[in-house]
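Text of work24.pdb, listed as PDB, C-alpha atoms:
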```
ATOM      1  CA  MET A 171     118.242 229.469  75.181  1.00  0.00           C
ATOM      2  CA  LEU A 172     120.215 226.783  73.349  1.00  0.00           C
ATOM      3  CA  LEU A 173     123.285 227.523  75.484  1.00  0.00           C
ATOM      4  CA  ALA A 174     121.297 227.156  78.736  1.00  0.00           C
ATOM      5  CA  THR A 175     119.892 223.797  77.592  1.00  0.00           C
ATOM      6  CA  THR A 176     123.352 222.551  76.611  1.00  0.00           C
ATOM      7  CA  LEU A 177     124.834 223.608  79.971  1.00  0.00           C
ATOM      8  CA  ALA A 178     122.038 221.841  81.855  1.00  0.00           C
ATOM      9  CA  GLN A 179     122.695 218.618  79.919  1.00  0.00           C
ATOM     10  CA  VAL A 180     126.425 218.840  80.567  1.00  0.00           C
ATOM     11  CA  SER A 181     125.925 219.366  84.298  1.00  0.00           C
ATOM     12  CA  ARG A 182     123.515 216.368  84.438  1.00  0.00           C
ATOM     13  CA  ASN A 183     126.069 214.211  82.628  1.00  0.00           C
ATOM     14  CA  ASP A 184     128.847 215.355  84.949  1.00  0.00           C
ATOM     15  CA  ALA A 185     126.706 214.550  87.984  1.00  0.00           C
ATOM     16  CA  ALA A 186     125.995 211.073  86.629  1.00  0.00           C
ATOM     17  CA  VAL A 187     129.685 210.437  85.955  1.00  0.00           C
ATOM     18  CA  ALA A 188     130.652 211.721  89.413  1.00  0.00           C
ATOM     19  CA  THR A 189     128.006 209.509  91.032  1.00  0.00           C
ATOM     20  CA  GLY A 190     129.302 206.500  89.118  1.00  0.00           C
ATOM     21  CA  ILE A 191     132.887 207.189  90.152  1.00  0.00           C
ATOM     22  CA  ILE A 192     131.873 207.563  93.793  1.00  0.00           C
ATOM     23  CA  ALA A 193     129.918 204.300  93.651  1.00  0.00           C
ATOM     24  CA  VAL A 194     132.901 202.427  92.178  1.00  0.00           C
ATOM     25  CA  LEU A 195     135.277 203.890  94.793  1.00  0.00           C
ATOM     26  CA  ALA A 196     132.860 203.029  97.611  1.00  0.00           C
ATOM     27  CA  GLY A 197     132.602 199.450  96.355  1.00  0.00           C
ATOM     28  CA  PHE A 198     136.388 199.202  96.125  1.00  0.00           C
ATOM     29  CA  ALA A 199     136.751 200.597  99.659  1.00  0.00           C
ATOM     30  CA  LEU A 200     134.225 198.061 100.931  1.00  0.00           C
ATOM     31  CA  ILE A 201     136.185 195.190  99.366  1.00  0.00           C
ATOM     32  CA  LEU A 202     139.450 196.476 100.874  1.00  0.00           C
ATOM     33  CA  PHE A 203     137.782 196.809 104.281  1.00  0.00           C
ATOM     34  CA  ALA A 204     136.545 193.202 104.074  1.00  0.00           C
ATOM     35  CA  ILE A 205     140.073 192.011 103.199  1.00  0.00           C
ATOM     36  CA  TYR A 206     141.446 194.022 106.147  1.00  0.00           C
ATOM     37  CA  ILE A 207     138.932 192.421 108.544  1.00  0.00           C
ATOM     38  CA  ILE A 208     139.851 188.935 107.287  1.00  0.00           C
ATOM     39  CA  CYS A 209     143.558 189.675 107.844  1.00  0.00           C
ATOM     40  CA  VAL A 210     142.911 191.028 111.354  1.00  0.00           C
ATOM     41  CA  ILE A 211     140.925 187.912 112.299  1.00  0.00           C
ATOM     42  CA  GLY A 212     143.690 185.635 111.009  1.00  0.00           C
ATOM     43  CA  LEU A 213     146.462 187.642 112.670  1.00  0.00           C
ATOM     44  CA  TRP A 214     144.522 187.715 115.945  1.00  0.00           C
ATOM     45  CA  LYS A 215     144.415 183.908 116.020  1.00  0.00           C
ATOM     46  CA  VAL A 216     148.080 183.601 114.970  1.00  0.00           C
ATOM     47  CA  PHE A 217     149.125 185.984 117.743  1.00  0.00           C
ATOM     48  CA  ALA A 218     147.055 184.053 120.268  1.00  0.00           C
ATOM     49  CA  LYS A 219     148.667 180.761 119.196  1.00  0.00           C
ATOM     50  CA  ALA A 220     152.101 182.333 119.625  1.00  0.00           C
ATOM     51  CA  GLY A 221     151.308 183.537 123.151  1.00  0.00           C
ATOM     52  CA  GLN A 222     151.019 187.197 122.165  1.00  0.00           C
ATOM     53  CA  PRO A 223     148.011 189.459 122.762  1.00  0.00           C
ATOM     54  CA  GLY A 224     145.499 188.959 119.966  1.00  0.00           C
ATOM     55  CA  TRP A 225     144.233 192.546 120.122  1.00  0.00           C
ATOM     56  CA  ALA A 226     147.658 193.651 118.847  1.00  0.00           C
ATOM     57  CA  ALA A 227     146.416 192.799 115.340  1.00  0.00           C
ATOM     58  CA  LEU A 228     144.204 195.897 115.515  1.00  0.00           C
ATOM     59  CA  ILE A 229     146.980 198.455 116.104  1.00  0.00           C
ATOM     60  CA  PRO A 230     148.853 199.296 112.873  1.00  0.00           C
ATOM     61  CA  ILE A 231     152.533 199.646 113.836  1.00  0.00           C
ATOM     62  CA  TYR A 232     152.353 197.563 116.996  1.00  0.00           C
ATOM     63  CA  ASN A 233     151.054 194.559 115.028  1.00  0.00           C
ATOM     64  CA  VAL A 234     154.239 194.602 112.948  1.00  0.00           C
ATOM     65  CA  ILE A 235     156.349 194.682 116.113  1.00  0.00           C
ATOM     66  CA  VAL A 236     154.419 191.707 117.541  1.00  0.00           C
ATOM     67  CA  LEU A 237     154.738 189.886 114.198  1.00  0.00           C
ATOM     68  CA  LEU A 238     158.507 190.452 114.340  1.00  0.00           C
ATOM     69  CA  ARG A 239     158.512 189.099 117.891  1.00  0.00           C
ATOM     70  CA  VAL A 240     156.635 185.970 116.768  1.00  0.00           C
ATOM     71  CA  ALA A 241     159.139 185.531 113.922  1.00  0.00           C
ATOM     72  CA  GLY A 242     162.075 185.944 116.313  1.00  0.00           C
ATOM     73  CA  LEU A 243     163.414 189.017 114.526  1.00  0.00           C
ATOM     74  CA  PRO A 244     164.629 192.247 116.159  1.00  0.00           C
ATOM     75  CA  TRP A 245     161.998 194.947 116.746  1.00  0.00           C
ATOM     76  CA  HIS A 246     163.940 197.576 114.820  1.00  0.00           C
ATOM     77  CA  TRP A 247     163.012 195.832 111.556  1.00  0.00           C
ATOM     78  CA  VAL A 248     159.831 197.900 111.873  1.00  0.00           C
ATOM     79  CA  PHE A 249     161.816 200.762 110.329  1.00  0.00           C
ATOM     80  CA  ALA A 250     161.839 198.773 107.077  1.00  0.00           C
ATOM     81  CA  LEU A 251     158.338 200.173 106.591  1.00  0.00           C
ATOM     82  CA  PHE A 252     160.047 203.406 105.501  1.00  0.00           C
ATOM     83  CA  LEU A 253     162.016 201.704 102.722  1.00  0.00           C
ATOM     84  CA  PRO A 254     159.450 202.434  99.981  1.00  0.00           C
ATOM     85  CA  PHE A 255     160.405 206.101 100.245  1.00  0.00           C
ATOM     86  CA  ILE A 256     163.617 205.133  98.455  1.00  0.00           C
ATOM     87  CA  PRO A 257     162.616 204.883  94.792  1.00  0.00           C
ATOM     88  CA  PHE A 258     162.461 201.353  93.306  1.00  0.00           C
ATOM     89  CA  LEU A 259     165.226 199.747  95.393  1.00  0.00           C
ATOM     90  CA  GLY A 260     163.431 200.546  98.640  1.00  0.00           C
ATOM     91  CA  ALA A 261     160.254 198.796  97.541  1.00  0.00           C
ATOM     92  CA  LEU A 262     162.268 195.830  96.315  1.00  0.00           C
ATOM     93  CA  ALA A 263     164.170 195.639  99.626  1.00  0.00           C
ATOM     94  CA  LEU A 264     160.883 195.784 101.569  1.00  0.00           C
ATOM     95  CA  LEU A 265     159.512 192.923  99.474  1.00  0.00           C
ATOM     96  CA  VAL A 266     162.597 190.812 100.218  1.00  0.00           C
ATOM     97  CA  LEU A 267     162.367 191.574 103.958  1.00  0.00           C
ATOM     98  CA  GLN A 268     158.652 190.771 103.947  1.00  0.00           C
ATOM     99  CA  VAL A 269     159.240 187.389 102.327  1.00  0.00           C
ATOM    100  CA  MET A 270     161.991 186.682 104.890  1.00  0.00           C
ATOM    101  CA  LEU A 271     159.588 187.598 107.709  1.00  0.00           C
ATOM    102  CA  LEU A 272     156.803 185.439 106.301  1.00  0.00           C
ATOM    103  CA  HIS A 273     159.187 182.511 105.884  1.00  0.00           C
ATOM    104  CA  ARG A 274     160.264 182.823 109.517  1.00  0.00           C
ATOM    105  CA  ILE A 275     156.597 182.844 110.544  1.00  0.00           C
ATOM    106  CA  SER A 276     155.924 179.776 108.386  1.00  0.00           C
ATOM    107  CA  THR A 277     158.818 177.787 109.808  1.00  0.00           C
ATOM    108  CA  ARG A 278     157.936 178.728 113.382  1.00  0.00           C
ATOM    109  CA  PHE A 279     154.527 177.195 112.812  1.00  0.00           C
ATOM    110  CA  GLY A 280     156.001 174.055 111.258  1.00  0.00           C
ATOM    111  CA  GLN A 281     155.188 174.982 107.667  1.00  0.00           C
ATOM    112  CA  GLY A 282     157.463 175.054 104.637  1.00  0.00           C
ATOM    113  CA  VAL A 283     158.312 177.178 101.627  1.00  0.00           C
ATOM    114  CA  GLY A 284     154.966 176.482  99.961  1.00  0.00           C
ATOM    115  CA  PHE A 285     153.160 178.076 102.882  1.00  0.00           C
ATOM    116  CA  THR A 286     155.492 181.077 102.672  1.00  0.00           C
ATOM    117  CA  ILE A 287     154.533 181.516  99.024  1.00  0.00           C
ATOM    118  CA  GLY A 288     150.884 181.273 100.031  1.00  0.00           C
ATOM    119  CA  LEU A 289     151.295 183.910 102.745  1.00  0.00           C
ATOM    120  CA  THR A 290     153.045 186.175 100.255  1.00  0.00           C
ATOM    121  CA  LEU A 291     150.565 185.857  97.395  1.00  0.00           C
ATOM    122  CA  LEU A 292     147.257 185.060  99.150  1.00  0.00           C
ATOM    123  CA  GLY A 293     147.846 186.533 102.598  1.00  0.00           C
ATOM    124  CA  PRO A 294     144.264 186.844 103.916  1.00  0.00           C
ATOM    125  CA  ILE A 295     143.456 183.212 103.151  1.00  0.00           C
ATOM    126  CA  PHE A 296     146.716 181.822 104.523  1.00  0.00           C
ATOM    127  CA  TRP A 297     146.543 183.920 107.723  1.00  0.00           C
ATOM    128  CA  LEU A 298     143.157 182.313 108.369  1.00  0.00           C
ATOM    129  CA  ILE A 299     144.576 178.853 107.608  1.00  0.00           C
ATOM    130  CA  LEU A 300     147.504 179.483 109.958  1.00  0.00           C
ATOM    131  CA  GLY A 301     145.273 180.916 112.701  1.00  0.00           C
ATOM    132  CA  PHE A 302     142.425 178.417 112.582  1.00  0.00           C
ATOM    133  CA  GLY A 303     144.345 175.371 111.312  1.00  0.00           C
ATOM    134  CA  ASP A 304     146.050 172.582 113.208  1.00  0.00           C
ATOM    135  CA  SER A 305     149.557 174.053 113.124  1.00  0.00           C
ATOM    136  CA  LYS A 306     151.130 174.808 116.494  1.00  0.00           C
ATOM    137  CA  TYR A 307     153.582 177.546 117.338  1.00  0.00           C
ATOM    138  CA  LEU A 308     156.954 175.836 117.713  1.00  0.00           C
ATOM    139  CA  GLY A 309     159.051 178.880 118.516  1.00  0.00           C
ATOM    140  CA  GLU A 310     162.790 178.753 117.939  1.00  0.00           C
ATOM    141  CA  GLN A 311     163.750 175.389 116.513  1.00  0.00           C
ATOM    142  CA  PRO A 312     167.168 173.912 117.250  1.00  0.00           C
ATOM    143  CA  ALA A 313     169.563 173.567 114.323  1.00  0.00           C
ATOM    144  CA  GLN A 314     169.427 170.116 112.801  1.00  0.00           C
ATOM    145  CA  ALA A 315     172.690 168.261 112.320  1.00  0.00           C
TER     146      ALA A 315
END
```
Rendering of file as structure tokens:
Amino acid sequence: MLLATTLAQVSRNDAAVATGIIAVLAGFALILFAIYIICVIGLWKVFAKAGQPGWAALIPIYNVIVLLRVAGLPWHWVFALFLPFIPFLGALALLVLQVMLLHRISTRFGQGVGFTIGLTLLGPIFWLILGFGDSKYLGEQPAQA
């Protein structure tokens, strides 16, 4: 009888722990989904300002291709998404390429290095600022003498 009581208590405790873990994971997923929606809204407006279809922000790989087009970079940079499969150096190379891409986006909208840092570290907020702000898409800028 003591063994049956102990097993019932253990199973109740396990159920409570499992419920808690599921609740934490659901809350985390909800936060990530909200961040994703904010990024999509900002990207949609940025694409529209650059003369690209805004709905492209919704399609995972295509949005990177359109972002490369806005930055004036070749489409085959999309294969850089596979770099993290190379241990350590691949992730580092992807980070460098991402910062280069974000800097090209910043300069094409008339922003500077500070805005690139903002896009890198606080992307959702700065995509909204870029999309809804006063900055205009300048496209390719001529080299200054």
Expressed in Å to a single decimal, how great is the separation between CA of Leu213 (chain A) and CA of Ile229 (chain A)?
-> 11.4 Å
Near-region 278-283 of chain A list (10 Å; all atoms listed in the file; drop same-chain fewer than 5 positions) as a list in words =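 Listed by chain and then number, they are Val216, Lys219, Ala220, Val240, Ala241, Gly242, Leu272, His273, Gly288, Leu289, Leu300, Gly301, Asp304, Ser305, Lys306, Tyr307, Leu308, Gly309, Glu310 and Gln311 of chain A.
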Within 10 Å of region 185-205 of chain A, which residues of region 261-309 of chain A show up? Give each one with its shortest atom-to-atom distance in Å (one decimal) and the two atoms involved, counting only C-alpha atoms, rows by chain then rising residue number, as JSON lines.
```
{"residue": "A:Gly293", "atom": "CA", "partner": "A:Ile205", "partner_atom": "CA", "distance": 9.5}
{"residue": "A:Pro294", "atom": "CA", "partner": "A:Ile205", "partner_atom": "CA", "distance": 6.7}
{"residue": "A:Ile295", "atom": "CA", "partner": "A:Ile205", "partner_atom": "CA", "distance": 9.4}
```
Just C-alpha atoms for this one: save the residues we selected as a CSV table (one decimal), in the frame of the given file.
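As written to disk, selection_19.csv reads:
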```csv
chain,number,residue,atom,x,y,z
A,293,GLY,CA,147.8,186.5,102.6
A,294,PRO,CA,144.3,186.8,103.9
A,295,ILE,CA,143.5,183.2,103.2
```
Selected by the PyMOL selection byres ((chain A and resi 235) around 12) in the shown coordinates: which residues, as a compact mmCIF listing (two decimals) with C-alpha atoms, in the frame of the given file?
```txt
# COMPACT_ATOMS: atom_id res chain seq x y z
CA PHE A 217 149.12 185.98 117.74
CA GLN A 222 151.02 187.20 122.16
CA PRO A 223 148.01 189.46 122.76
CA ALA A 226 147.66 193.65 118.85
CA ALA A 227 146.42 192.80 115.34
CA ILE A 229 146.98 198.46 116.10
CA PRO A 230 148.85 199.30 112.87
CA ILE A 231 152.53 199.65 113.84
CA TYR A 232 152.35 197.56 117.00
CA ASN A 233 151.05 194.56 115.03
CA VAL A 234 154.24 194.60 112.95
CA VAL A 236 154.42 191.71 117.54
CA LEU A 237 154.74 189.89 114.20
CA LEU A 238 158.51 190.45 114.34
CA ARG A 239 158.51 189.10 117.89
CA VAL A 240 156.64 185.97 116.77
CA ALA A 241 159.14 185.53 113.92
CA GLY A 242 162.07 185.94 116.31
CA LEU A 243 163.41 189.02 114.53
CA PRO A 244 164.63 192.25 116.16
CA TRP A 245 162.00 194.95 116.75
CA HIS A 246 163.94 197.58 114.82
CA TRP A 247 163.01 195.83 111.56
CA VAL A 248 159.83 197.90 111.87
CA PHE A 249 161.82 200.76 110.33
CA ALA A 250 161.84 198.77 107.08
CA LEU A 251 158.34 200.17 106.59
CA LEU A 271 159.59 187.60 107.71
```
Could you check which of A:Thr290, A:Trp297, A:Asp184, A:Phe285 is closest to Leu265 (chain A), using only C-alpha atoms?
->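 Smallest separation from Leu265 (chain A) among the options: A:Thr290.
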Interatomic distance, CA of Trp214 (chain A) to CA of Leu292 (chain A) (Å, one decimal) | 17.2 Å
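CA of Thr286 (chain A) to CA of Pro257 (chain A) spans 26.1 Å [interatomic distance, one decimal].
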The centre and edge lengths of an axis-aligned box containing all atoms of region 217-227 of chain A present in the file, extended by 6 Å on each side, are to be given in Å to one decimal, as lines of an AutoDock Vina configuration file.
```
center_x = 148.2
center_y = 187.2
center_z = 119.2
size_x = 19.9
size_y = 24.9
size_z = 19.8
```
